[in-house]
$ cat run23.txt   # compact mmCIF, C-alpha atoms (C1' of nucleotides)
# COMPACT_ATOMS: atom_id res chain seq x y z
CA MET A 154 13.01 9.09 23.72
CA ASP A 155 11.96 8.18 20.21
CA LYS A 156 11.13 4.57 19.44
CA ARG A 157 14.17 3.93 17.26
CA ASN A 158 16.59 4.95 19.98
CA HIS A 159 14.58 3.12 22.59
CA LEU A 160 14.82 -0.06 20.51
CA ILE A 161 18.56 0.46 20.16
CA GLU A 162 19.01 0.89 23.91
CA THR A 163 16.91 -2.18 24.66
CA ALA A 164 18.70 -4.28 22.05
CA LEU A 165 22.06 -3.17 23.42
CA ALA A 166 21.25 -4.36 26.93
CA LEU A 167 19.86 -7.71 25.74
CA PHE A 168 22.65 -8.38 23.26
CA VAL A 169 25.27 -7.78 25.93
CA GLU A 170 23.44 -10.01 28.39
CA ASN A 171 22.45 -12.88 26.08
CA GLY A 172 24.56 -12.53 22.94
CA PHE A 173 23.34 -11.72 19.44
CA HIS A 174 21.56 -14.93 18.61
CA GLY A 175 20.61 -15.56 22.20
CA THR A 176 18.32 -12.56 21.88
CA ALA A 177 15.13 -12.96 19.88
CA THR A 178 13.81 -9.90 18.06
CA ALA A 179 10.42 -10.55 19.65
CA ARG A 180 12.03 -10.21 23.08
CA ILE A 181 13.63 -6.89 22.14
CA ALA A 182 10.31 -5.55 20.88
CA LYS A 183 8.48 -6.74 23.98
CA GLU A 184 10.98 -5.20 26.41
CA ALA A 185 10.97 -1.97 24.43
CA GLY A 186 7.20 -1.95 24.77
CA VAL A 187 6.39 -2.04 21.06
CA ALA A 188 4.84 -4.65 18.82
CA ASN A 189 6.89 -7.24 17.04
CA GLY A 190 6.24 -5.73 13.65
CA THR A 191 7.19 -2.23 14.74
CA LEU A 192 10.81 -3.28 15.22
CA PHE A 193 10.96 -4.27 11.57
CA GLN A 194 9.67 -0.89 10.49
CA TYR A 195 12.77 0.74 11.96
CA PHE A 196 15.22 -2.03 11.06
CA LYS A 197 14.64 -4.16 7.99
CA THR A 198 16.47 -7.12 9.49
CA LYS A 199 17.96 -8.20 12.79
CA GLU A 200 21.40 -7.75 11.28
CA GLU A 201 20.58 -4.12 10.46
CA LEU A 202 19.64 -3.60 14.11
CA ILE A 203 22.91 -5.16 15.31
CA LEU A 204 24.83 -2.77 13.06
CA ALA A 205 22.71 0.20 14.09
CA VAL A 206 23.47 -0.42 17.76
CA PHE A 207 27.19 -0.44 17.00
CA VAL A 208 27.04 2.74 14.91
CA SER A 209 25.04 4.46 17.63
CA VAL A 210 27.41 3.47 20.44
CA LYS A 211 30.58 4.23 18.48
CA GLY A 212 29.12 7.58 17.47
CA GLU A 213 28.26 8.43 21.06
CA LEU A 214 31.80 7.73 22.25
CA ALA A 215 33.30 9.62 19.33
CA ALA A 216 31.06 12.62 19.99
CA PHE A 217 31.91 12.56 23.68
CA LEU A 218 35.63 12.58 22.91
CA ALA A 219 35.28 15.23 20.21
CA ALA A 220 33.54 17.51 22.69
CA ASP A 221 36.64 17.64 24.87
CA LYS A 222 38.17 21.09 24.83
CA THR A 223 41.59 20.30 26.28
CA THR A 224 44.33 22.41 24.74
CA GLY A 225 48.08 22.20 25.02
CA GLY A 226 50.67 19.81 23.70
CA VAL A 227 50.07 16.37 22.27
CA LYS A 228 50.69 14.81 25.67
CA GLU A 229 47.95 16.84 27.37
CA VAL A 230 45.40 16.16 24.62
CA MET A 231 46.29 12.49 24.57
CA MET A 232 45.90 12.25 28.33
CA ALA A 233 42.47 13.85 28.05
CA GLN A 234 41.42 11.35 25.37
CA TYR A 235 42.79 8.43 27.38
CA SER A 236 41.14 9.50 30.58
CA GLY A 237 37.93 10.46 28.77
CA SER A 238 37.67 7.09 27.02
CA ILE A 239 38.20 5.14 30.21
CA LYS A 240 35.72 7.17 32.22
CA TRP A 241 33.09 6.98 29.48
CA CYS A 242 33.45 3.20 29.29
CA LEU A 243 33.17 2.83 33.06
CA LYS A 244 30.07 4.99 33.04
CA HIS A 245 28.56 3.00 30.17
CA VAL A 246 29.84 -0.51 30.78
CA ALA A 247 27.19 -2.17 28.60
CA LYS A 248 28.21 0.05 25.68
CA TYR A 249 31.87 -0.79 26.26
CA ARG A 250 31.02 -4.47 26.30
CA TYR A 251 28.94 -4.15 23.15
CA ILE A 252 31.85 -2.58 21.29
CA GLN A 253 34.14 -5.40 22.39
CA GLN A 254 31.57 -8.07 21.57
CA PHE A 255 30.83 -6.59 18.16
CA TYR A 256 34.50 -6.14 17.27
CA SER A 257 35.33 -9.76 18.06
CA SER A 258 32.27 -11.11 16.27
CA PRO A 259 31.89 -11.94 12.59
CA TYR A 260 29.48 -8.99 12.31
CA ILE A 261 32.44 -6.62 12.23
CA HIS A 262 32.96 -7.62 8.61
CA LEU A 263 29.60 -6.06 7.72
CA MET A 264 30.91 -2.64 8.71
CA ASP A 265 32.42 -0.49 6.03
CA GLN A 266 36.16 -0.40 6.67
CA ALA A 267 36.38 3.26 5.64
CA GLU A 268 33.67 4.18 8.13
CA LEU A 269 35.49 2.30 10.87
CA ARG A 270 38.62 4.23 10.02
CA ARG A 271 36.78 7.54 10.22
CA TYR A 272 36.09 6.90 13.90
CA ILE A 273 39.78 6.67 14.69
CA GLU A 274 40.92 9.43 12.31
CA PRO A 275 41.23 12.11 15.03
CA HIS A 276 43.39 9.81 17.11
CA LEU A 277 45.63 8.99 14.15
CA GLN A 278 46.05 12.69 13.46
CA LEU A 279 47.03 13.31 17.03
CA VAL A 280 49.68 10.60 16.84
CA GLU A 281 50.87 12.03 13.53
CA GLU A 282 51.20 15.48 15.10
CA GLY A 283 53.16 14.00 17.99
CA ILE A 284 55.58 12.37 15.60
CA ARG A 285 55.86 15.49 13.42
CA THR A 286 56.67 17.66 16.43
CA LYS A 287 59.19 15.09 17.64
CA ALA A 288 57.30 14.41 20.85
CA ILE A 289 56.56 10.78 19.93
CA LYS A 290 58.95 8.17 18.54
CA ALA A 291 58.98 7.91 14.73
CA LEU A 292 57.08 4.61 14.63
CA ASP A 293 54.28 3.52 12.33
CA ILE A 294 51.22 5.63 13.21
CA ASP A 295 48.90 2.64 13.24
CA LEU A 296 51.25 0.85 15.60
CA VAL A 297 51.28 3.71 18.09
CA TYR A 298 47.50 3.99 17.87
CA GLN A 299 47.14 0.24 18.43
CA LEU A 300 49.27 0.46 21.58
CA PHE A 301 47.30 3.46 22.80
CA SER A 302 43.94 1.94 22.07
CA THR A 303 44.58 -1.54 23.46
CA GLN A 304 45.97 -0.10 26.67
CA THR A 305 42.93 2.15 27.01
CA PHE A 306 40.47 -0.72 26.78
CA GLY A 307 42.75 -2.97 28.79
CA ILE A 308 42.68 -0.56 31.70
CA VAL A 309 38.91 -0.34 31.45
CA GLN A 310 38.78 -4.11 31.85
CA TYR A 311 41.18 -3.92 34.78
CA LEU A 312 39.08 -1.29 36.52
CA ILE A 313 35.91 -3.33 35.95
CA ASN A 314 37.59 -6.39 37.47
CA ASN A 315 39.11 -4.40 40.33
CA LYS A 316 36.40 -2.07 41.51
CA GLY A 317 38.20 -1.19 44.71
CA LYS A 318 41.16 0.49 43.04
CA LYS A 319 41.48 4.24 42.96
CA GLN A 320 40.47 5.01 39.37
CA LYS A 321 42.09 8.41 39.12
CA GLU A 322 45.42 7.11 40.33
CA VAL A 323 45.40 4.09 38.01
CA ILE A 324 44.49 6.24 35.03
CA GLU A 325 47.21 8.77 35.74
CA THR A 326 49.90 6.22 36.50
CA THR A 327 49.19 4.07 33.47
CA PHE A 328 48.97 7.07 31.17
CA GLN A 329 52.37 8.24 32.32
CA MET A 330 53.73 4.75 31.66
CA LEU A 331 52.16 4.71 28.21
CA TRP A 332 53.54 8.14 27.46
CA ASP A 333 57.02 7.15 28.62
CA MET A 334 56.75 4.19 26.29
CA ILE A 335 56.07 6.23 23.14
CA LYS A 336 57.71 9.59 23.87
CA ILE A 337 61.14 10.59 22.66
CA LYS A 338 63.39 10.64 25.70
CA MET B 182 42.58 -37.50 14.84
CA ASP B 183 39.86 -38.76 17.12
CA LYS B 184 36.27 -37.69 16.53
CA ARG B 185 36.05 -35.48 19.59
CA ASN B 186 39.01 -33.36 18.58
CA HIS B 187 37.86 -33.31 15.01
CA LEU B 188 34.49 -31.96 16.11
CA ILE B 189 36.24 -29.32 18.20
CA GLU B 190 38.42 -28.23 15.28
CA THR B 191 35.43 -28.06 12.95
CA ALA B 192 33.31 -26.19 15.46
CA LEU B 193 36.15 -23.73 16.04
CA ALA B 194 36.38 -22.83 12.36
CA LEU B 195 32.62 -22.46 11.96
CA PHE B 196 32.11 -20.49 15.18
CA VAL B 197 34.82 -18.03 14.16
CA GLU B 198 33.33 -17.67 10.70
CA ASN B 199 29.64 -17.51 11.56
CA GLY B 200 29.38 -16.82 15.27
CA PHE B 201 28.02 -19.14 17.94
CA HIS B 202 24.37 -19.09 17.09
CA GLY B 203 25.04 -18.56 13.43
CA THR B 204 26.41 -22.08 13.40
CA ALA B 205 23.94 -24.96 13.64
CA THR B 206 25.09 -28.13 15.37
CA ALA B 207 23.91 -30.07 12.32
CA ARG B 208 26.33 -28.06 10.18
CA ILE B 209 29.23 -28.82 12.50
CA ALA B 210 28.44 -32.54 12.44
CA LYS B 211 28.08 -32.54 8.66
CA GLU B 212 31.38 -30.73 8.04
CA ALA B 213 33.12 -32.99 10.53
CA GLY B 214 31.79 -35.95 8.59
CA VAL B 215 29.75 -37.48 11.38
CA ALA B 216 26.04 -37.90 11.98
CA ASN B 217 24.01 -35.30 13.79
CA GLY B 218 23.48 -37.52 16.79
CA THR B 219 27.16 -38.39 17.14
CA LEU B 220 27.99 -34.83 18.10
CA PHE B 221 25.66 -35.11 21.07
CA GLN B 222 27.41 -38.25 22.24
CA TYR B 223 30.59 -36.26 22.72
CA PHE B 224 28.95 -33.05 23.94
CA LYS B 225 25.68 -33.16 25.81
CA THR B 226 24.67 -29.71 24.62
CA LYS B 227 25.83 -27.07 22.17
CA GLU B 228 26.90 -24.94 25.11
CA GLU B 229 29.14 -27.75 26.34
CA LEU B 230 30.78 -27.84 22.90
CA ILE B 231 31.34 -24.08 22.93
CA LEU B 232 33.06 -24.39 26.31
CA ALA B 233 35.07 -27.44 25.21
CA VAL B 234 36.45 -25.54 22.23
CA PHE B 235 37.60 -22.74 24.52
CA VAL B 236 39.19 -25.11 27.03
CA SER B 237 40.96 -26.94 24.22
CA VAL B 238 42.33 -23.78 22.61
CA LYS B 239 43.36 -22.16 25.88
CA GLY B 240 45.02 -25.39 26.93
CA GLU B 241 46.94 -25.61 23.67
CA LEU B 242 48.30 -22.10 24.04
CA ALA B 243 49.15 -22.65 27.70
CA ALA B 244 50.96 -25.92 26.88
CA PHE B 245 52.87 -24.25 24.06
CA LEU B 246 54.04 -21.48 26.38
CA ALA B 247 54.83 -23.87 29.22
CA ALA B 248 57.05 -25.88 26.87
CA ASP B 249 59.37 -22.91 26.42
CA LYS B 250 62.76 -23.57 27.98
CA THR B 251 64.12 -20.04 28.05
CA THR B 252 66.23 -19.38 31.11
CA GLY B 253 67.70 -16.19 32.47
CA GLY B 254 66.23 -13.16 34.16
CA VAL B 255 62.60 -12.13 34.28
CA LYS B 256 63.09 -9.93 31.23
CA GLU B 257 64.35 -12.79 29.07
CA VAL B 258 61.58 -15.16 30.12
CA MET B 259 58.96 -12.48 29.65
CA MET B 260 60.26 -11.70 26.18
CA ALA B 261 60.03 -15.40 25.30
CA GLN B 262 56.42 -15.56 26.53
CA TYR B 263 55.52 -12.35 24.68
CA SER B 264 57.12 -13.46 21.45
CA GLY B 265 55.81 -17.01 21.81
CA SER B 266 52.23 -15.85 22.39
CA ILE B 267 52.27 -13.56 19.39
CA LYS B 268 53.79 -16.12 17.06
CA TRP B 269 51.39 -18.83 18.21
CA CYS B 270 48.40 -16.54 17.59
CA LEU B 271 49.65 -15.61 14.13
CA LYS B 272 50.14 -19.27 13.31
CA HIS B 273 46.66 -20.14 14.62
CA VAL B 274 44.63 -17.06 13.79
CA ALA B 275 41.28 -18.84 14.10
CA LYS B 276 42.19 -19.96 17.59
CA TYR B 277 43.24 -16.43 18.52
CA ARG B 278 39.94 -15.13 17.20
CA TYR B 279 37.99 -17.77 19.08
CA ILE B 280 39.62 -16.76 22.34
CA GLN B 281 38.74 -13.11 21.70
CA GLN B 282 35.19 -13.95 20.62
CA PHE B 283 34.61 -16.20 23.61
CA TYR B 284 36.05 -13.72 26.10
CA SER B 285 33.81 -10.90 24.88
CA SER B 286 30.71 -13.10 24.74
CA PRO B 287 28.29 -13.89 27.56
CA TYR B 288 29.56 -17.50 27.47
CA ILE B 289 32.64 -16.40 29.42
CA HIS B 290 30.44 -16.39 32.53
CA LEU B 291 29.96 -20.15 32.18
CA MET B 292 33.67 -20.69 32.75
CA ASP B 293 34.83 -21.31 36.26
CA GLN B 294 36.69 -18.19 37.41
CA ALA B 295 39.28 -20.25 39.28
CA GLU B 296 40.03 -22.28 36.16
CA LEU B 297 40.46 -19.09 34.15
CA ARG B 298 42.88 -17.85 36.74
CA ARG B 299 44.90 -21.06 36.58
CA TYR B 300 45.72 -20.32 32.94
CA ILE B 301 47.35 -17.02 33.83
CA GLU B 302 48.96 -18.22 37.06
CA PRO B 303 52.44 -18.74 35.54
CA HIS B 304 52.36 -15.22 34.14
CA LEU B 305 51.32 -13.74 37.46
CA GLN B 306 54.15 -15.59 39.18
CA LEU B 307 56.61 -14.23 36.67
CA VAL B 308 55.42 -10.69 37.34
CA GLU B 309 55.59 -11.34 41.05
CA GLU B 310 59.18 -12.55 40.73
CA GLY B 311 60.05 -9.45 38.71
CA ILE B 312 58.67 -7.22 41.44
CA ARG B 313 60.34 -9.23 44.20
CA THR B 314 63.74 -9.01 42.53
CA LYS B 315 63.23 -5.29 41.96
CA ALA B 316 63.31 -5.62 38.18
CA ILE B 317 59.70 -4.47 37.75
CA LYS B 318 57.95 -1.50 39.37
CA ALA B 319 56.09 -2.28 42.58
CA LEU B 320 52.63 -2.05 41.02
CA ASP B 321 49.60 -4.29 41.49
CA ILE B 322 50.45 -7.66 39.92
CA ASP B 323 47.13 -7.89 38.10
CA LEU B 324 47.68 -4.44 36.65
CA VAL B 325 51.08 -5.35 35.24
CA TYR B 326 49.69 -8.58 33.83
CA GLN B 327 46.78 -6.71 32.26
CA LEU B 328 49.18 -4.31 30.53
CA PHE B 329 51.34 -7.21 29.36
CA SER B 330 48.44 -9.28 28.14
CA THR B 331 46.52 -6.54 26.34
CA GLN B 332 49.63 -5.39 24.55
CA THR B 333 50.38 -8.96 23.47
CA PHE B 334 46.97 -9.44 21.88
CA GLY B 335 46.97 -5.88 20.57
CA ILE B 336 50.18 -6.51 18.65
CA VAL B 337 48.72 -9.72 17.24
CA GLN B 338 45.81 -7.68 15.91
CA TYR B 339 48.21 -5.12 14.50
CA LEU B 340 50.24 -7.78 12.73
CA ILE B 341 47.10 -9.38 11.30
CA ASN B 342 45.97 -5.98 9.97
CA ASN B 343 49.44 -5.12 8.67
CA LYS B 344 50.73 -8.27 7.03
CA GLY B 345 53.58 -6.49 5.27
CA LYS B 346 55.38 -5.46 8.45
CA LYS B 347 58.47 -7.25 9.60
CA GLN B 348 57.11 -9.36 12.45
CA LYS B 349 60.37 -9.98 14.22
CA GLU B 350 61.20 -6.29 14.33
CA VAL B 351 57.75 -5.26 15.55
CA ILE B 352 57.79 -7.91 18.27
CA GLU B 353 61.25 -6.92 19.50
CA THR B 354 60.63 -3.18 19.37
CA THR B 355 57.27 -3.35 21.14
CA PHE B 356 58.57 -5.73 23.78
CA GLN B 357 61.41 -3.37 24.58
CA MET B 358 58.87 -0.54 24.86
CA LEU B 359 56.68 -2.63 27.14
CA TRP B 360 59.66 -3.58 29.27
CA ASP B 361 60.80 0.04 29.55
CA MET B 362 57.28 0.83 30.71
CA ILE B 363 57.25 -1.59 33.63
CA LYS B 364 60.92 -1.93 34.58
CA ILE B 365 62.63 -0.02 37.37
CA LYS B 366 64.90 2.49 35.70
C1' DT C 182 32.37 -67.85 15.56
C1' DA C 183 28.93 -66.08 18.70
C1' DA C 184 27.59 -62.94 22.16
C1' DT C 185 27.93 -58.57 24.13
C1' DT C 186 29.11 -53.93 24.44
C1' DT C 187 30.32 -49.66 22.46
C1' DT C 188 29.91 -46.36 19.06
C1' DG C 189 27.56 -44.26 15.32
C1' DT C 190 23.35 -43.10 12.62
C1' DG C 191 19.85 -39.91 10.61
C1' DA C 192 14.99 -39.30 10.39
C1' DC C 193 12.25 -37.12 13.49
C1' DT C 194 10.07 -33.57 16.84
C1' DG C 195 8.56 -29.83 19.62
C1' DA C 196 10.07 -25.41 20.27
C1' DT C 197 11.66 -21.20 18.59
C1' DT C 198 12.88 -17.97 15.11
C1' DA C 199 12.99 -13.84 11.79
C1' DG C 200 10.11 -11.64 9.18
C1' DT C 201 5.13 -10.63 7.02
C1' DC C 202 0.75 -8.55 6.35
C1' DA C 203 -4.06 -7.38 6.65
C1' DG C 204 -5.98 -4.38 9.22
C1' DT C 205 -6.38 -0.76 13.32
C1' DC C 206 -5.15 3.44 15.53
C1' DT C 207 -3.16 8.22 15.67
C1' DT C 208 -2.29 12.51 13.97
C1' DA C 209 -2.93 16.52 11.68
C1' DA C 210 -4.39 18.86 7.67
C1' DA C 211 -8.54 20.39 5.13
C1' DT D 186 -15.89 16.92 11.53
C1' DT D 187 -14.04 14.41 7.72
C1' DT D 188 -10.37 12.42 5.42
C1' DA D 189 -6.03 10.66 4.27
C1' DA D 190 -1.44 9.21 5.34
C1' DG D 191 1.59 7.10 8.08
C1' DA D 192 2.60 4.68 12.41
C1' DC D 193 1.66 0.74 14.79
C1' DT D 194 -0.17 -3.88 15.82
C1' DG D 195 0.13 -8.93 16.81
C1' DA D 196 -1.45 -13.24 15.01
C1' DC D 197 0.58 -15.82 11.68
C1' DT D 198 4.05 -18.73 8.79
C1' DA D 199 7.72 -21.07 6.73
C1' DA D 200 12.04 -22.19 8.07
C1' DT D 201 15.36 -23.56 11.24
C1' DC D 202 17.03 -25.26 15.43
C1' DA D 203 18.89 -28.27 19.41
C1' DG D 204 18.35 -32.45 20.98
C1' DT D 205 16.18 -37.51 20.85
C1' DC D 206 15.74 -42.27 19.94
C1' DA D 207 15.10 -46.70 17.84
C1' DC D 208 18.06 -49.05 15.40
C1' DA D 209 22.53 -50.51 12.86
C1' DA D 210 27.36 -51.16 12.53
C1' DA D 211 31.67 -51.96 14.53
C1' DA D 212 34.61 -53.39 17.99
C1' DT D 213 35.61 -56.25 21.81
C1' DT D 214 35.28 -60.21 24.54
C1' DA D 215 34.22 -65.01 25.31
$ encode --input "run23.txt" --output "structure tokens"
Amino acid sequence: MDKRNHLIETALALFVENGFHGTATARIAKEAGVANGTLFQYFKTKEELILAVFVSVKGELAAFLAADKTTGGVKEVMMAQYSGSIKWCLKHVAKYRYIQQFYSSPYIHLMDQAELRRYIEPHLQLVEEGIRTKAIKALDIDLVYQLFSTQTFGIVQYLINNKGKKQKEVIETTFQMLWDMIKIK
Amino acid sequence: MDKRNHLIETALALFVENGFHGTATARIAKEAGVANGTLFQYFKTKEELILAVFVSVKGELAAFLAADKTTGGVKEVMMAQYSGSIKWCLKHVAKYRYIQQFYSSPYIHLMDQAELRRYIEPHLQLVEEGIRTKAIKALDIDLVYQLFSTQTFGIVQYLINNKGKKQKEVIETTFQMLWDMIKIK
DNA sequence: TAATTTTGTGACTGATTAGTCAGTCTTAAA
DNA sequence: TTTAAGACTGACTAATCAGTCACAAAATTA
């Protein structure tokens, strides 16, 4: 792995474990096996590194979801995205936590709002298609997306807290409930 | 207001604005109008202050919800809790943000798990009653609470991002959707 | 009022931090 | 093999930090 990505991976793990300011740049460099100064060749400031980790993680999740080839109606595609998101988060718990931590931190304001919106654009389009084809209730698109997205991450949290539960069953049951909530009867 | 609470209020605002480690204890003391050393008379360490802010805010919200006198079936009480939570968060946005920030930070691990659970106990009991009286689907109680809770905070976020929307309407519509999702048909 | 206790003060400190820079090492082209 | 450019190094620094402490002020009791 190239040094830049290795620094990002190391920073991710330490930031999740110790928080942003609880993690010294020197510690990141050391654990990544490079010199202190090398870190600052790849990232001008610590803040730039914090942002870079977020962009990397968000991009990874977006790419993973975009790679899904599920066809069919809005419901089928939405189920695939829901299930895919949850499984990805459970497979990469630190990355899931980083997203949550970054979103609820003041650093989120450093992200370009338009760029943030680009990440969710495919989801918004899917909702829009659902409404257009009269599969989904004619609600505000952002509202439907918010319900979809919060439930997705909420179920991830539930499955992290309740390891024993049958994942597949929970995912399927809760998706059906979510769908019943937004579909036109 | 007594000094301790004033320090908590000041710390809350600064932590939300600048993050935990982005806020120096000296700055908190200064903005609260007390000497540096006074802060450490009320809180032995910065960490203790961070926890105290969380306990204070969580307690405030819990007390506000406990004060609700709504009677009737599980649905009516649940609607009151849903609506009450959302309105309280919108009225105290910084406190809402602090809760989110604290929950997604590593500091959450410093909180006693049993104490955390005590905060949500009334909600769990309400869900349990709903299931017992066959109003709510016989799902895992924690799962139902997770769905309820994530949607509550999700709608708060939506209403913060979309100030123009009619709050009352959004709250009522989304509660009905949530209820339809968990109720027995 | 005087004595005692409680509360508040802010200059100070040792430790830690993000970021720098003068110089070394690696790579690959000439 | 020589040379040049870029990658890498880590000791260093100026700034900042959490927390202390000797003392002062205020409140309480006698």
$ interface_residues --input "run23.txt" --of "chain A" --to "chain B" --cutoff "10 Å" --atoms "all atoms listed in the file" --output "count of residues only"
51
$ closest_residue --input "run23.txt" --among "B:Lys211, B:Arg185, B:Lys349, B:Lys227" --to "chain D" --atoms "only C-alpha atoms (C1' of nucleotides)"
B:Lys227
$ residues_around --input "run23.txt" --residues "DC202 of chain D" --least-positions-apart "3" --cutoff "10 Å" --atoms "only C-alpha atoms (C1' of nucleotides)" --output "PyMOL selection string"
(chain B and resi 202+205-207) or (chain C and resi 196-198)
$ residues_around --input "run23.txt" --residues "Phe235 of chain B" --least-positions-apart "3" --cutoff "9 Å" --atoms "only C-alpha atoms (C1' of nucleotides)" --output "list in words"
Leu193, Leu230, Ile231, Leu232, Val238, Lys239, Gly240, Lys276, Tyr279, Ile280 and Phe283 of chain B
$ residues_around --input "run23.txt" --residues "DG189 of chain C" --least-positions-apart "2" --cutoff "10 Å" --atoms "all atoms listed in the file" --output "ChimeraX atom specification"
/B:215-220,222 /C:187 /D:209-211
$ atom_distance --input "run23.txt" --atom1 "atom CA of Asp249 of chain B" --atom2 "atom CA of Lys184 of chain B"
29.2 Å
$ closest_residue --input "run23.txt" --among "A:Glu229, A:Glu282, A:Glu200, A:Glu213" --to "Met264 of chain A" --atoms "all atoms listed in the file"
A:Glu200
$ closest_residue --input "run23.txt" --among "D:DA192, D:DT213, D:DA203, D:DC208" --to "chain B" --atoms "all atoms listed in the file"
D:DA203
$ atom_distance --input "run23.txt" --atom1 "atom C1' of DA207 of chain D" --atom2 "atom C1' of DT188 of chain C"
14.9 Å
$ interface_residues --input "run23.txt" --of "chain C" --to "chain A" --cutoff "9 Å" --atoms "all atoms listed in the file" --output "PDB file with C-alpha atoms (C1' of nucleotides), keeping the file's coordinate frame"
ATOM      1  C1'  DT C 198      12.880 -17.970  15.110  1.00  0.00           C
ATOM      2  C1'  DA C 199      12.990 -13.840  11.790  1.00  0.00           C
ATOM      3  C1'  DG C 200      10.110 -11.640   9.180  1.00  0.00           C
ATOM      4  C1'  DT C 201       5.130 -10.630   7.020  1.00  0.00           C
TER       5       DT C 201
END
$ atom_distance --input "run23.txt" --atom1 "atom CA of Val206 of chain A" --atom2 "atom C1' of DT208 of chain C"
29.1 Å
$ residues_around --input "run23.txt" --residues "Tyr272 of chain A" --least-positions-apart "4" --cutoff "12 Å" --atoms "only C-alpha atoms (C1' of nucleotides)" --output "list in words"
Phe207, Val208, Ser209, Val210, Lys211, Gly212, Glu213, Leu214, Ala215, Ala216, Leu218, Ala219, Asp265, Gln266, Ala267, Glu268, His276, Leu277 and Gln278 of chain A
$ write_last_selection --input "run23.txt" --atoms "C-alpha atoms" --output "CSV table (one decimal), in the frame of the given file"
chain,number,residue,atom,x,y,z
A,207,PHE,CA,27.2,-0.4,17.0
A,208,VAL,CA,27.0,2.7,14.9
A,209,SER,CA,25.0,4.5,17.6
A,210,VAL,CA,27.4,3.5,20.4
A,211,LYS,CA,30.6,4.2,18.5
A,212,GLY,CA,29.1,7.6,17.5
A,213,GLU,CA,28.3,8.4,21.1
A,214,LEU,CA,31.8,7.7,22.2
A,215,ALA,CA,33.3,9.6,19.3
A,216,ALA,CA,31.1,12.6,20.0
A,218,LEU,CA,35.6,12.6,22.9
A,219,ALA,CA,35.3,15.2,20.2
A,265,ASP,CA,32.4,-0.5,6.0
A,266,GLN,CA,36.2,-0.4,6.7
A,267,ALA,CA,36.4,3.3,5.6
A,268,GLU,CA,33.7,4.2,8.1
A,276,HIS,CA,43.4,9.8,17.1
A,277,LEU,CA,45.6,9.0,14.2
A,278,GLN,CA,46.0,12.7,13.5
$ closest_atom_pairs --input "run23.txt" --of "chain D" --to "chain A" --cutoff "12 Å" --atoms "all atoms listed in the file" --output "CSV"
residue,atom,partner,partner_atom,distance
D:DG191,C1',A:Gln194,CA,11.6
D:DA192,C1',A:Thr191,CA,8.6
D:DC193,C1',A:Thr191,CA,6.3
D:DT194,C1',A:Ala188,CA,5.9
D:DG195,C1',A:Ala188,CA,6.7
D:DA196,C1',A:Asn189,CA,10.5
D:DC197,C1',A:Gly190,CA,11.7
D:DC202,C1',A:His174,CA,11.7
$ residues_around --input "run23.txt" --residues "Ala291 of chain A" --least-positions-apart "3" --cutoff "10 Å" --atoms "all atoms listed in the file" --output "PyMOL selection string"
chain A and resi 280-281+283-285+287-288+294+297+335-337
$ build_atoms --input "run23.txt" --residues "segment 285-295 of chain B" --atoms "N, CA and C atoms" --output "CSV table (one decimal), keeping the file's coordinate frame"
chain,number,residue,atom,x,y,z
B,285,SER,N,34.7,-12.1,24.9
B,285,SER,CA,33.8,-10.9,24.9
B,285,SER,C,32.4,-11.3,24.7
B,286,SER,N,32.1,-12.6,24.8
B,286,SER,CA,30.7,-13.1,24.7
B,286,SER,C,30.2,-13.4,26.1
B,287,PRO,N,28.9,-13.5,26.3
B,287,PRO,CA,28.3,-13.9,27.6
B,287,PRO,C,28.7,-15.3,28.0
B,288,TYR,N,29.2,-16.1,27.1
B,288,TYR,CA,29.6,-17.5,27.5
B,288,TYR,C,30.7,-17.5,28.5
B,289,ILE,N,31.5,-16.5,28.5
B,289,ILE,CA,32.6,-16.4,29.4
B,289,ILE,C,32.2,-16.6,30.9
B,290,HIS,N,30.9,-16.2,31.2
B,290,HIS,CA,30.4,-16.4,32.5
B,290,HIS,C,30.2,-17.9,32.9
B,291,LEU,N,30.2,-18.7,31.9
B,291,LEU,CA,30.0,-20.2,32.2
B,291,LEU,C,31.3,-20.8,32.6
B,292,MET,N,32.4,-20.1,32.4
B,292,MET,CA,33.7,-20.7,32.8
B,292,MET,C,33.9,-20.5,34.2
B,293,ASP,N,34.5,-21.4,34.9
B,293,ASP,CA,34.8,-21.3,36.3
B,293,ASP,C,35.9,-20.3,36.4
B,294,GLN,N,35.7,-19.3,37.3
B,294,GLN,CA,36.7,-18.2,37.4
B,294,GLN,C,38.0,-18.7,37.9
B,295,ALA,N,38.0,-19.7,38.8
B,295,ALA,CA,39.3,-20.2,39.3
B,295,ALA,C,40.1,-20.9,38.2
